[in-house]
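Source file: data.cif. Holds: mmCIF, C-alpha atoms.
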data_data
loop_
_atom_site.label_atom_id
_atom_site.label_comp_id
_atom_site.auth_asym_id
_atom_site.auth_seq_id
_atom_site.Cartn_x
_atom_site.Cartn_y
_atom_site.Cartn_z
CA MET A 1 52.53 57.61 86.32
CA HIS A 2 54.13 59.61 89.15
CA PRO A 3 57.81 60.53 88.81
CA PRO A 4 60.04 58.64 91.21
CA GLU A 5 60.64 60.42 94.53
CA LYS A 6 64.06 61.92 95.00
CA THR A 7 66.21 60.19 97.59
CA VAL A 8 67.55 62.72 100.05
CA VAL A 9 71.15 61.87 100.85
CA PRO A 10 72.22 63.50 104.13
CA THR A 11 75.47 65.43 104.12
CA ARG A 12 78.06 64.20 106.59
CA VAL A 13 79.68 67.17 108.35
CA ILE A 14 82.14 67.62 111.22
CA GLY A 15 81.69 70.55 113.59
CA LEU A 16 84.69 71.73 115.63
CA ILE A 17 84.91 74.34 118.38
CA SER A 18 86.93 75.21 121.44
CA GLY A 19 85.25 77.74 123.69
CA THR A 20 86.56 80.46 125.95
CA SER A 21 87.27 77.91 128.70
CA VAL A 22 90.01 76.46 126.43
CA ASP A 23 89.42 73.00 127.89
CA GLY A 24 89.61 71.14 124.59
CA ILE A 25 88.21 70.72 121.10
CA ASP A 26 84.59 69.61 120.93
CA ALA A 27 84.08 67.56 117.77
CA ALA A 28 80.72 66.38 116.42
CA LEU A 29 80.19 64.13 113.41
CA VAL A 30 76.66 64.65 112.11
CA GLU A 31 74.40 63.85 109.19
CA ILE A 32 72.40 66.85 108.04
CA SER A 33 69.45 67.08 105.67
CA GLY A 34 66.87 69.73 104.84
CA THR A 35 67.60 73.44 104.96
CA GLU A 36 65.74 75.50 107.59
CA LEU A 37 62.30 74.56 108.94
CA ASP A 38 62.85 71.03 107.63
CA LEU A 39 66.41 70.89 109.01
CA LYS A 40 67.30 67.51 110.48
CA VAL A 41 70.52 66.64 112.30
CA GLU A 42 71.66 63.24 113.55
CA LEU A 43 74.66 63.07 115.87
CA LEU A 44 76.79 60.09 114.86
CA ALA A 45 79.72 60.72 117.20
CA GLY A 46 80.83 63.36 119.66
CA ALA A 47 84.04 63.70 121.65
CA THR A 48 86.19 66.29 123.38
CA TYR A 49 89.91 66.20 122.66
CA PRO A 50 92.02 68.04 125.28
CA TYR A 51 94.70 70.44 124.14
CA PRO A 52 98.32 69.51 124.86
CA ALA A 53 99.04 71.21 128.21
CA GLU A 54 101.72 73.54 126.84
CA LEU A 55 99.51 74.72 123.97
CA ARG A 56 96.61 75.36 126.34
CA GLU A 57 98.84 77.52 128.55
CA ARG A 58 100.00 79.52 125.54
CA ILE A 59 96.40 80.07 124.37
CA LEU A 60 95.31 81.21 127.84
CA ALA A 61 98.28 83.59 128.01
CA VAL A 62 97.40 85.15 124.62
CA GLY A 63 93.75 85.46 125.67
CA ALA A 64 94.86 87.19 128.88
CA GLY A 65 96.74 89.81 126.87
CA VAL A 66 100.33 88.59 127.28
CA ALA A 67 102.49 90.20 124.59
CA ILE A 68 103.89 87.82 121.97
CA SER A 69 105.63 88.25 118.62
CA MET A 70 103.92 87.72 115.29
CA ALA A 71 106.14 84.65 114.81
CA GLU A 72 104.80 83.16 118.06
CA LEU A 73 101.22 83.99 117.04
CA ALA A 74 101.78 82.16 113.74
CA GLU A 75 103.14 79.13 115.61
CA ILE A 76 100.09 79.01 117.89
CA ASP A 77 97.76 79.47 114.91
CA ASP A 78 99.34 76.50 113.14
CA ALA A 79 99.43 74.36 116.29
CA ILE A 80 95.70 74.93 116.90
CA ALA A 81 94.89 74.05 113.28
CA GLU A 82 96.89 70.83 113.64
CA VAL A 83 95.04 69.65 116.78
CA PHE A 84 91.70 70.63 115.20
CA ALA A 85 92.58 68.60 112.11
CA GLN A 86 93.57 65.65 114.31
CA ALA A 87 90.23 65.91 116.14
CA ALA A 88 88.43 65.84 112.77
CA GLN A 89 90.31 62.71 111.76
CA ASN A 90 89.75 60.98 115.11
CA ILE A 91 85.99 61.63 115.22
CA GLN A 92 85.56 59.81 111.88
CA ILE A 93 87.17 56.56 113.03
CA GLY A 94 84.66 53.75 112.54
CA HIS A 95 82.36 55.91 110.40
CA GLN A 96 81.95 56.79 106.75
CA PRO A 97 84.07 59.89 106.02
CA ALA A 98 82.71 63.42 106.16
CA THR A 99 82.66 65.70 103.12
CA LEU A 100 82.68 69.03 104.99
CA ILE A 101 84.14 70.54 108.18
CA GLY A 102 82.84 73.59 110.03
CA SER A 103 85.61 74.87 112.31
CA HIS A 104 84.95 77.75 114.66
CA GLY A 105 88.58 77.72 115.82
CA GLN A 106 89.81 79.15 119.10
CA THR A 107 88.83 82.69 120.08
CA VAL A 108 91.75 84.60 121.57
CA TYR A 109 90.39 88.14 121.25
CA HIS A 110 86.94 89.68 120.93
CA ARG A 111 86.13 93.39 120.74
CA PRO A 112 82.46 94.28 120.46
CA PRO A 113 81.50 97.10 118.09
CA LYS A 114 80.82 100.55 119.47
CA GLU A 115 77.34 102.05 119.20
CA GLY A 116 76.62 103.12 115.64
CA ALA A 117 78.86 100.49 114.06
CA GLY A 118 75.97 99.23 111.90
CA GLU A 119 75.89 102.60 110.16
CA GLN A 120 79.67 102.42 109.95
CA GLY A 121 79.38 99.12 108.09
CA SER A 122 77.33 100.92 105.45
CA ARG A 123 79.89 103.75 105.28
CA ALA A 124 82.70 101.22 104.99
CA ARG A 125 81.06 99.83 101.85
CA GLU A 126 81.04 103.35 100.37
CA MET A 127 84.81 103.61 100.68
CA LEU A 128 85.34 100.60 98.41
CA THR A 129 85.33 100.61 94.60
CA PRO A 130 85.51 97.60 92.25
CA HIS A 131 89.24 98.33 92.09
CA GLY A 132 89.88 98.64 95.83
CA LEU A 133 90.00 101.59 98.23
CA ASN A 134 88.33 104.79 97.05
CA PRO A 135 91.23 107.29 97.31
CA SER A 136 88.87 110.24 97.79
CA TYR A 137 87.10 108.68 100.78
CA PRO A 138 88.39 110.15 104.08
CA LEU A 139 89.39 107.43 106.53
CA THR A 140 88.31 109.66 109.42
CA ALA A 141 84.73 109.35 108.15
CA LEU A 142 84.59 105.80 109.47
CA GLY A 143 83.94 107.19 112.94
CA THR A 144 83.24 104.58 115.63
CA PRO A 145 85.11 101.29 115.19
CA LEU A 146 83.59 98.08 114.01
CA GLY A 147 83.99 95.04 116.22
CA TYR A 148 86.87 92.63 115.87
CA SER A 149 87.14 88.95 116.73
CA LEU A 150 90.13 86.67 116.22
CA GLN A 151 89.81 82.89 116.02
CA LEU A 152 93.02 80.90 115.57
CA GLY A 153 93.33 77.54 113.81
CA ARG A 154 93.28 78.49 110.14
CA GLY A 155 90.84 76.60 107.97
CA ALA A 156 93.16 76.34 104.98
CA LEU A 157 95.61 74.26 107.02
CA ILE A 158 92.80 72.04 108.36
CA THR A 159 91.72 71.41 104.76
CA HIS A 160 95.31 70.60 103.75
CA LEU A 161 95.79 68.15 106.65
CA THR A 162 92.42 66.38 106.30
CA ASN A 163 91.74 66.83 102.57
CA ILE A 164 88.18 67.79 103.53
CA ALA A 165 86.60 71.11 102.50
CA THR A 166 86.56 73.36 105.56
CA VAL A 167 84.53 76.44 106.42
CA SER A 168 86.14 78.73 109.00
CA ASN A 169 86.23 82.40 110.11
CA PHE A 170 82.48 82.46 110.70
CA ARG A 171 82.33 85.74 112.60
CA VAL A 172 84.05 88.19 110.26
CA ALA A 173 81.27 88.71 107.69
CA ASP A 174 78.74 89.71 110.36
CA ILE A 175 81.28 91.99 112.06
CA ALA A 176 82.22 93.66 108.75
CA ILE A 177 78.69 95.07 108.37
CA GLY A 178 78.44 96.30 111.96
CA GLY A 179 77.32 93.20 113.87
CA HIS A 180 78.93 91.67 116.94
CA GLY A 181 79.73 88.41 115.16
CA ALA A 182 78.14 86.79 118.21
CA PRO A 183 76.16 84.93 119.21
CA LEU A 184 76.03 82.94 115.95
CA VAL A 185 74.20 79.83 117.15
CA PRO A 186 70.65 81.27 117.63
CA ARG A 187 69.59 80.70 114.00
CA VAL A 188 70.50 77.03 114.39
CA ASP A 189 68.69 76.91 117.75
CA ALA A 190 65.62 78.42 116.10
CA TYR A 191 65.27 75.60 113.58
CA LEU A 192 66.30 72.72 115.87
CA LEU A 193 64.82 73.72 119.25
CA SER A 194 61.79 75.94 118.66
CA HIS A 195 58.34 74.79 119.75
CA PRO A 196 54.91 75.62 118.26
CA GLN A 197 53.37 76.70 121.59
CA GLU A 198 56.24 77.19 124.05
CA GLY A 199 58.61 80.14 124.39
CA ARG A 200 62.09 78.88 125.27
CA CYS A 201 65.44 80.22 126.37
CA ILE A 202 68.36 78.18 125.10
CA GLN A 203 71.11 79.00 127.59
CA ASN A 204 74.62 77.99 126.66
CA ILE A 205 77.08 78.04 129.55
CA GLY A 206 80.61 77.83 128.23
CA GLY A 207 83.37 80.12 129.44
CA ILE A 208 80.90 82.90 128.64
CA GLY A 209 77.13 82.47 128.90
CA ASN A 210 74.84 83.27 126.00
CA VAL A 211 71.10 83.01 125.57
CA ALA A 212 68.75 82.65 122.62
CA TYR A 213 65.13 83.51 123.38
CA ILE A 214 62.91 81.67 120.89
CA PRO A 215 59.19 82.54 120.96
CA PRO A 216 56.49 80.03 119.96
CA ARG A 217 56.86 79.10 116.29
CA HIS A 218 54.06 80.99 114.56
CA SER A 219 53.47 84.22 112.57
CA ASP A 220 56.69 86.28 112.40
CA TRP A 221 58.43 84.35 115.18
CA LEU A 222 61.93 84.58 113.62
CA SER A 223 61.91 88.38 113.87
CA LYS A 224 61.10 88.12 117.59
CA ILE A 225 64.11 85.98 118.49
CA ARG A 226 66.53 87.75 120.81
CA ALA A 227 70.02 86.63 121.76
CA TRP A 228 73.08 87.99 123.52
CA ASP A 229 75.97 87.09 125.80
CA THR A 230 74.66 87.08 129.37
CA GLY A 231 78.11 87.43 131.00
CA PRO A 232 80.40 84.96 132.76
CA GLY A 233 79.66 81.27 132.44
CA ASN A 234 82.46 79.01 133.61
CA SER A 235 85.29 81.49 132.96
CA LEU A 236 85.52 82.95 136.47
CA LEU A 237 84.72 79.60 138.12
CA ASP A 238 87.51 77.74 136.31
CA LEU A 239 90.03 80.50 136.96
CA ALA A 240 89.02 80.60 140.63
CA VAL A 241 89.29 76.82 141.03
CA GLU A 242 92.77 76.84 139.54
CA HIS A 243 93.78 79.74 141.81
CA LEU A 244 92.21 78.39 145.01
CA SER A 245 93.56 74.86 144.49
CA ALA A 246 97.06 76.17 143.60
CA GLY A 247 96.74 74.53 140.18
CA ALA A 248 95.68 71.11 141.45
CA LYS A 249 92.23 71.44 139.80
CA THR A 250 91.02 73.17 136.65
CA TYR A 251 87.25 73.04 137.26
CA ASP A 252 84.66 72.34 139.96
CA GLU A 253 83.27 68.89 139.11
CA ASP A 254 79.45 68.90 139.37
CA GLY A 255 79.80 72.15 141.34
CA ASN A 256 80.53 70.09 144.46
CA TRP A 257 83.12 72.49 145.91
CA ALA A 258 80.82 75.49 145.45
CA ALA A 259 77.89 73.52 146.87
CA SER A 260 79.81 73.07 150.14
CA GLY A 261 80.02 76.85 150.57
CA THR A 262 77.57 79.68 151.17
CA PRO A 263 77.10 82.47 148.61
CA CYS A 264 77.58 86.04 149.80
CA HIS A 265 74.54 87.80 148.35
CA PRO A 266 75.64 91.40 149.10
CA LEU A 267 78.78 90.70 147.06
CA VAL A 268 76.72 89.31 144.18
CA GLU A 269 74.55 92.44 144.23
CA GLN A 270 77.70 94.58 144.15
CA TRP A 271 79.09 92.67 141.17
CA LEU A 272 75.79 92.91 139.30
CA ASN A 273 76.28 96.67 139.19
CA GLN A 274 78.99 96.09 136.57
CA ASP A 275 78.19 98.09 133.43
CA TYR A 276 78.00 95.08 131.09
CA PHE A 277 75.00 93.59 132.89
CA HIS A 278 72.99 96.76 132.27
CA LEU A 279 74.00 97.26 128.63
CA PRO A 280 71.01 96.50 126.37
CA PRO A 281 71.34 93.78 123.69
CA PRO A 282 72.65 93.11 121.15
CA LYS A 283 75.86 92.67 123.11
CA SER A 284 78.80 90.32 123.36
CA THR A 285 81.72 89.82 125.69
CA GLY A 286 84.62 87.51 126.47
CA ARG A 287 87.64 86.89 128.66
CA GLU A 288 88.77 90.41 127.83
CA LEU A 289 86.22 91.50 130.45
CA PHE A 290 85.45 88.41 132.52
CA GLY A 291 88.98 87.06 132.83
CA VAL A 292 91.96 87.04 135.18
CA THR A 293 91.87 90.77 136.00
CA TYR A 294 88.15 90.60 136.79
CA LEU A 295 88.68 87.54 139.03
CA HIS A 296 91.44 89.31 140.97
CA GLN A 297 89.06 92.21 141.59
CA CYS A 298 86.40 89.75 142.78
CA LEU A 299 88.88 88.12 145.17
CA LYS A 300 89.87 91.54 146.47
CA ASP A 301 86.21 92.45 147.03
CA ALA A 302 85.66 89.15 148.88
CA GLN A 303 88.34 89.93 151.45
CA ALA A 304 85.97 92.30 153.27
CA TYR A 305 83.61 89.38 153.93
CA GLN A 306 86.31 86.90 155.09
CA LEU A 307 85.05 84.16 152.76
CA ASN A 308 86.66 80.74 152.64
CA PRO A 309 87.45 79.12 149.25
CA ALA A 310 84.13 77.22 149.09
CA ASP A 311 82.22 80.43 149.86
CA ILE A 312 84.12 82.28 147.12
CA LEU A 313 83.21 79.59 144.58
CA ALA A 314 79.60 79.55 145.75
CA THR A 315 79.47 83.35 145.35
CA LEU A 316 81.00 83.29 141.86
CA THR A 317 78.57 80.52 140.87
CA GLU A 318 75.74 82.67 142.20
CA LEU A 319 76.99 85.55 140.04
CA THR A 320 76.76 83.38 136.92
CA ALA A 321 73.23 82.23 137.83
CA ALA A 322 72.05 85.66 138.98
CA SER A 323 73.46 87.44 135.91
CA ILE A 324 71.60 85.03 133.63
CA VAL A 325 68.28 85.55 135.44
CA HIS A 326 68.84 89.32 135.72
CA SER A 327 69.42 89.36 131.96
CA TYR A 328 66.12 87.58 131.29
CA ARG A 329 64.10 89.81 133.59
CA THR A 330 65.65 93.00 132.25
CA PHE A 331 65.79 92.41 128.51
CA LEU A 332 63.31 89.72 127.45
CA PRO A 333 59.90 90.77 126.08
CA GLU A 334 58.45 88.10 128.36
CA MET A 335 59.84 85.32 130.53
CA PRO A 336 60.20 81.91 128.83
CA GLN A 337 58.06 78.90 129.61
CA ARG A 338 61.14 76.66 129.69
CA VAL A 339 64.93 77.05 129.94
CA LEU A 340 67.15 74.53 128.18
CA LEU A 341 70.81 74.44 129.20
CA CYS A 342 73.76 73.32 127.11
CA GLY A 343 77.54 73.62 127.21
CA GLY A 344 79.94 72.54 129.93
CA GLY A 345 78.10 74.51 132.61
CA SER A 346 74.98 72.39 132.07
CA ARG A 347 76.84 69.61 133.92
CA ASN A 348 77.43 71.84 136.96
CA LEU A 349 74.63 70.48 139.14
CA TYR A 350 74.96 73.22 141.76
CA LEU A 351 74.77 75.97 139.11
CA LYS A 352 71.74 74.30 137.56
CA GLN A 353 70.12 74.07 141.00
CA ARG A 354 70.73 77.76 141.69
CA LEU A 355 69.26 78.70 138.31
CA GLN A 356 66.16 76.66 139.10
CA VAL A 357 65.76 78.36 142.47
CA LEU A 358 66.11 81.84 140.97
CA LEU A 359 63.73 81.06 138.09
CA ALA A 360 61.15 79.58 140.51
CA SER A 361 58.34 77.89 138.55
CA ILE A 362 60.06 78.04 135.13
CA PRO A 363 61.43 74.52 134.50
CA VAL A 364 65.19 74.25 133.86
CA SER A 365 66.42 71.20 131.97
CA THR A 366 68.99 70.51 129.24
CA THR A 367 68.77 70.23 125.48
CA ASP A 368 69.44 66.48 125.93
CA GLU A 369 65.85 66.20 127.13
CA VAL A 370 64.52 67.52 123.81
CA GLY A 371 66.80 65.40 121.65
CA LEU A 372 69.89 67.58 121.06
CA SER A 373 73.18 66.84 122.82
CA ALA A 374 73.90 69.45 125.49
CA ASP A 375 77.61 68.60 125.44
CA PHE A 376 78.06 68.95 121.69
CA LYS A 377 75.33 71.42 120.68
CA GLU A 378 77.82 74.18 119.85
CA ALA A 379 79.93 71.85 117.69
CA ILE A 380 76.76 70.63 115.98
CA ALA A 381 75.78 74.25 115.35
CA PHE A 382 79.02 75.01 113.51
CA ALA A 383 78.53 71.90 111.41
CA VAL A 384 75.12 73.32 110.43
CA LEU A 385 76.58 76.78 109.75
CA ALA A 386 79.17 75.19 107.44
CA TYR A 387 76.40 73.22 105.72
CA TRP A 388 74.38 76.41 105.22
CA ARG A 389 77.45 78.23 103.88
CA HIS A 390 77.98 75.42 101.39
CA LEU A 391 74.34 75.76 100.26
CA GLY A 392 74.48 79.58 100.12
CA ILE A 393 72.09 80.08 103.08
CA PRO A 394 72.76 83.00 105.48
CA GLY A 395 73.79 81.92 108.98
CA ASN A 396 73.49 85.03 111.14
CA LEU A 397 70.37 86.36 112.79
CA PRO A 398 70.37 90.19 112.77
CA THR A 399 68.19 90.41 115.89
CA ALA A 400 70.91 88.45 117.73
CA THR A 401 74.13 89.99 116.40
CA GLY A 402 72.92 93.52 115.69
CA ALA A 403 73.96 93.31 112.03
CA PRO A 404 71.75 95.27 109.61
CA GLN A 405 71.11 92.26 107.36
CA GLU A 406 71.57 88.53 106.88
CA VAL A 407 74.89 87.42 105.39
CA LEU A 408 76.68 84.23 104.41
CA LEU A 409 79.01 83.20 107.21
CA GLY A 410 82.42 81.62 106.84
CA GLU A 411 85.24 81.28 104.34
CA ILE A 412 85.34 78.06 102.28
CA HIS A 413 88.64 76.26 101.78
CA GLN A 414 88.18 73.61 99.10
CA ALA A 415 89.97 70.27 99.28
CA GLN A 416 92.20 69.13 96.45
CA SER A 417 90.39 66.65 94.22
#

Encoding of this model in structure tokens:
Amino acid sequence: MHPPEKTVVPTRVIGLISGTSVDGIDAALVEISGTELDLKVELLAGATYPYPAELRERILAVGAGVAISMAELAEIDDAIAEVFAQAAQNIQIGHQPATLIGSHGQTVYHRPPKEGAGEQGSRAREMLTPHGLNPSYPLTALGTPLGYSLQLGRGALITHLTNIATVSNFRVADIAIGGHGAPLVPRVDAYLLSHPQEGRCIQNIGGIGNVAYIPPRHSDWLSKIRAWDTGPGNSLLDLAVEHLSAGAKTYDEDGNWAASGTPCHPLVEQWLNQDYFHLPPPKSTGRELFGVTYLHQCLKDAQAYQLNPADILATLTELTAASIVHSYRTFLPEMPQRVLLCGGGSRNLYLKQRLQVLLASIPVSTTDEVGLSADFKEAIAFAVLAYWRHLGIPGNLPTATGAPQEVLLGEIHQAQS
């Protein structure tokens, strides 16, 4: 007599994230089963909850480097946690409750590590003893700085407000050993979007663009995955729209405004000379580089060409598309057989069209077309990362972040029983 088969009960998890565009909290309620190659995810509900206008302005100001007091930072941290907790409660309405939350929080600062930080991570471990700091270890021996990334919206408060165990602070463990702490989604992409015969680029276009190149799923395919931040996604476009419309608009719906203009290709070529685009992966970036100051320089450069607002938007859109394609051609071992878009930029029809033109015969579609929501893929990914953390499965991919090894990602805040 055969033993009865075990019934696999999926875990219900909420994923929460607000990207560098700061346009709201993406929330995904999912059921997850399996672990890695057998990983299965079903999206039960997805929604975006806008920030209160005043809070959004404060977040954008902090991200732009405006000086604030520690008391103000604490207020913003708490306020973000409260709206994230509310999003978690709202997404469950009409559904069985979740038992776990994965909250990425809101990035307000990101500093990539300097070259050699991986070795520094090893040295940093030498300076610690079971009882704390080794007093004989010279602090000057640390050399080049590790990276640093700050996400607000503390997980402990989300747990307190929802009474659901929450995993947060996903980036710090990878950064502590010399990685960039970004991009963190490629390992999830690998198990949900890989194909046995087809090499794919999964291109997220949020405020910043990032790519995961996933080769065909055979032999040592995981070790061949490459991922990095490609540069600006929607960040410059949204800032430009707000500037050019005198605050009347916050984004270019479907890319219609840009589509009515003509891109200035000499200006795009000039901008592509920026150092970041030529820096080899692993690499990461944020609004610290592609933010307000960068936009003002772009607008200044555009004056020589007497561009109208539509032309400026078309040119900035071309920069996003061209920087993505330049990144592929410069750093990939081979071009993909398909590009799958996700994130808010995947809805920008003009940007998608320009990518298709620049990639010629390589088809460009969205992850929707292979069964994974393009709008909520990032939120789904942080639900999976929380699920893996709960199971003790590493979440980073060293070939993507530059870390020397796999590590568990995220800090667990347990709910009160």

Reference answer for the PyMOL selection byres ((chain A and resi 172) around 8), as a ChimeraX atom specification: /A:148-149,169-171,173-176,181,409-410

Shortest interatomic distance to Gln106 of chain A - which of A:Asp252, A:Gly247, A:Ser69, A:Gly24, counting only C-alpha atoms: A:Gly24

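Restricting the calculation to only C-alpha atoms, the smallest distance between Tyr350 of chain A and any of A:Pro263, A:Gly34, A:Gly199, A:Gly102 is found for A:Pro263.
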
Selection near segment 110-115 of chain A, 9 Å with all atoms listed in the file, sequence-local residues under 4 positions removed, as a PyMOL selection string: chain A and resi 144-151+175+178-182+283-288

Thr366 of chain A environment, 8 Å, all atoms listed in the file, sequence neighbours closer than 5 positions dropped, as an NGL selection string: :A and (339-342 or 346 or 374)

Distance in Å - atom CA of Leu184 of chain A versus atom CA of Ala85 of chain A: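 The value is 22.2 Å.
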
Residues matched by the PyMOL selection byres ((chain A and resi 319-335) around 9) as number ranges by chain: A: 199-201, 203, 209-211, 213, 224, 226, 230-234, 236-237, 265, 267-269, 271-272, 277-278, 280-281, 314-318, 336-338, 351-352, 354-355, 358-359, 362

Given the selection you just returned, output its residues as a file containing C-alpha atoms, formatted as a PDB file, keeping the file's coordinate frame.
ATOM      1  CA  GLY A 199      58.610  80.140 124.390  1.00  0.00           C
ATOM      2  CA  ARG A 200      62.090  78.880 125.270  1.00  0.00           C
ATOM      3  CA  CYS A 201      65.440  80.220 126.370  1.00  0.00           C
ATOM      4  CA  GLN A 203      71.110  79.000 127.590  1.00  0.00           C
ATOM      5  CA  GLY A 209      77.130  82.470 128.900  1.00  0.00           C
ATOM      6  CA  ASN A 210      74.840  83.270 126.000  1.00  0.00           C
ATOM      7  CA  VAL A 211      71.100  83.010 125.570  1.00  0.00           C
ATOM      8  CA  TYR A 213      65.130  83.510 123.380  1.00  0.00           C
ATOM      9  CA  LYS A 224      61.100  88.120 117.590  1.00  0.00           C
ATOM     10  CA  ARG A 226      66.530  87.750 120.810  1.00  0.00           C
ATOM     11  CA  THR A 230      74.660  87.080 129.370  1.00  0.00           C
ATOM     12  CA  GLY A 231      78.110  87.430 131.000  1.00  0.00           C
ATOM     13  CA  PRO A 232      80.400  84.960 132.760  1.00  0.00           C
ATOM     14  CA  GLY A 233      79.660  81.270 132.440  1.00  0.00           C
ATOM     15  CA  ASN A 234      82.460  79.010 133.610  1.00  0.00           C
ATOM     16  CA  LEU A 236      85.520  82.950 136.470  1.00  0.00           C
ATOM     17  CA  LEU A 237      84.720  79.600 138.120  1.00  0.00           C
ATOM     18  CA  HIS A 265      74.540  87.800 148.350  1.00  0.00           C
ATOM     19  CA  LEU A 267      78.780  90.700 147.060  1.00  0.00           C
ATOM     20  CA  VAL A 268      76.720  89.310 144.180  1.00  0.00           C
ATOM     21  CA  GLU A 269      74.550  92.440 144.230  1.00  0.00           C
ATOM     22  CA  TRP A 271      79.090  92.670 141.170  1.00  0.00           C
ATOM     23  CA  LEU A 272      75.790  92.910 139.300  1.00  0.00           C
ATOM     24  CA  PHE A 277      75.000  93.590 132.890  1.00  0.00           C
ATOM     25  CA  HIS A 278      72.990  96.760 132.270  1.00  0.00           C
ATOM     26  CA  PRO A 280      71.010  96.500 126.370  1.00  0.00           C
ATOM     27  CA  PRO A 281      71.340  93.780 123.690  1.00  0.00           C
ATOM     28  CA  ALA A 314      79.600  79.550 145.750  1.00  0.00           C
ATOM     29  CA  THR A 315      79.470  83.350 145.350  1.00  0.00           C
ATOM     30  CA  LEU A 316      81.000  83.290 141.860  1.00  0.00           C
ATOM     31  CA  THR A 317      78.570  80.520 140.870  1.00  0.00           C
ATOM     32  CA  GLU A 318      75.740  82.670 142.200  1.00  0.00           C
ATOM     33  CA  PRO A 336      60.200  81.910 128.830  1.00  0.00           C
ATOM     34  CA  GLN A 337      58.060  78.900 129.610  1.00  0.00           C
ATOM     35  CA  ARG A 338      61.140  76.660 129.690  1.00  0.00           C
ATOM     36  CA  LEU A 351      74.770  75.970 139.110  1.00  0.00           C
ATOM     37  CA  LYS A 352      71.740  74.300 137.560  1.00  0.00           C
ATOM     38  CA  ARG A 354      70.730  77.760 141.690  1.00  0.00           C
ATOM     39  CA  LEU A 355      69.260  78.700 138.310  1.00  0.00           C
ATOM     40  CA  LEU A 358      66.110  81.840 140.970  1.00  0.00           C
ATOM     41  CA  LEU A 359      63.730  81.060 138.090  1.00  0.00           C
ATOM     42  CA  ILE A 362      60.060  78.040 135.130  1.00  0.00           C
TER      43      ILE A 362
END

Which residue of A:Glu31, A:Asp189, A:Asp38, A:Glu82 approaches Leu372 of chain A most closely, using all atoms listed in the file: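 For Leu372 of chain A, the nearest of the candidates is A:Asp189.
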
Distance of atom CA of Gln89 of chain A from atom CA of Tyr51 of chain A, expressed in Å to one decimal place: 15.2 Å

Exercise: Ser223 of chain A partners within 9 Å, all atoms listed in the file, chain neighbours under 6 positions left out, as a short mmCIF file (atom, residue, chain, number, x, y, z; two decimals) with C-alpha atoms, in the coordinates of the input:
data_model
loop_
_atom_site.label_atom_id
_atom_site.label_comp_id
_atom_site.auth_asym_id
_atom_site.auth_seq_id
_atom_site.Cartn_x
_atom_site.Cartn_y
_atom_site.Cartn_z
CA LEU A 397 70.37 86.36 112.79
CA PRO A 398 70.37 90.19 112.77
CA THR A 399 68.19 90.41 115.89
#

Ground truth for the PyMOL selection byres ((chain A and resi 255) around 7), written as a ChimeraX atom specification: /A:252-254,256-259,348-351

Between atom CA of Ala302 of chain A and atom CA of Ile205 of chain A, distance in Å (one decimal):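 Result for atom CA of Ala302 of chain A versus atom CA of Ile205 of chain A: 23.9 Å, one decimal.
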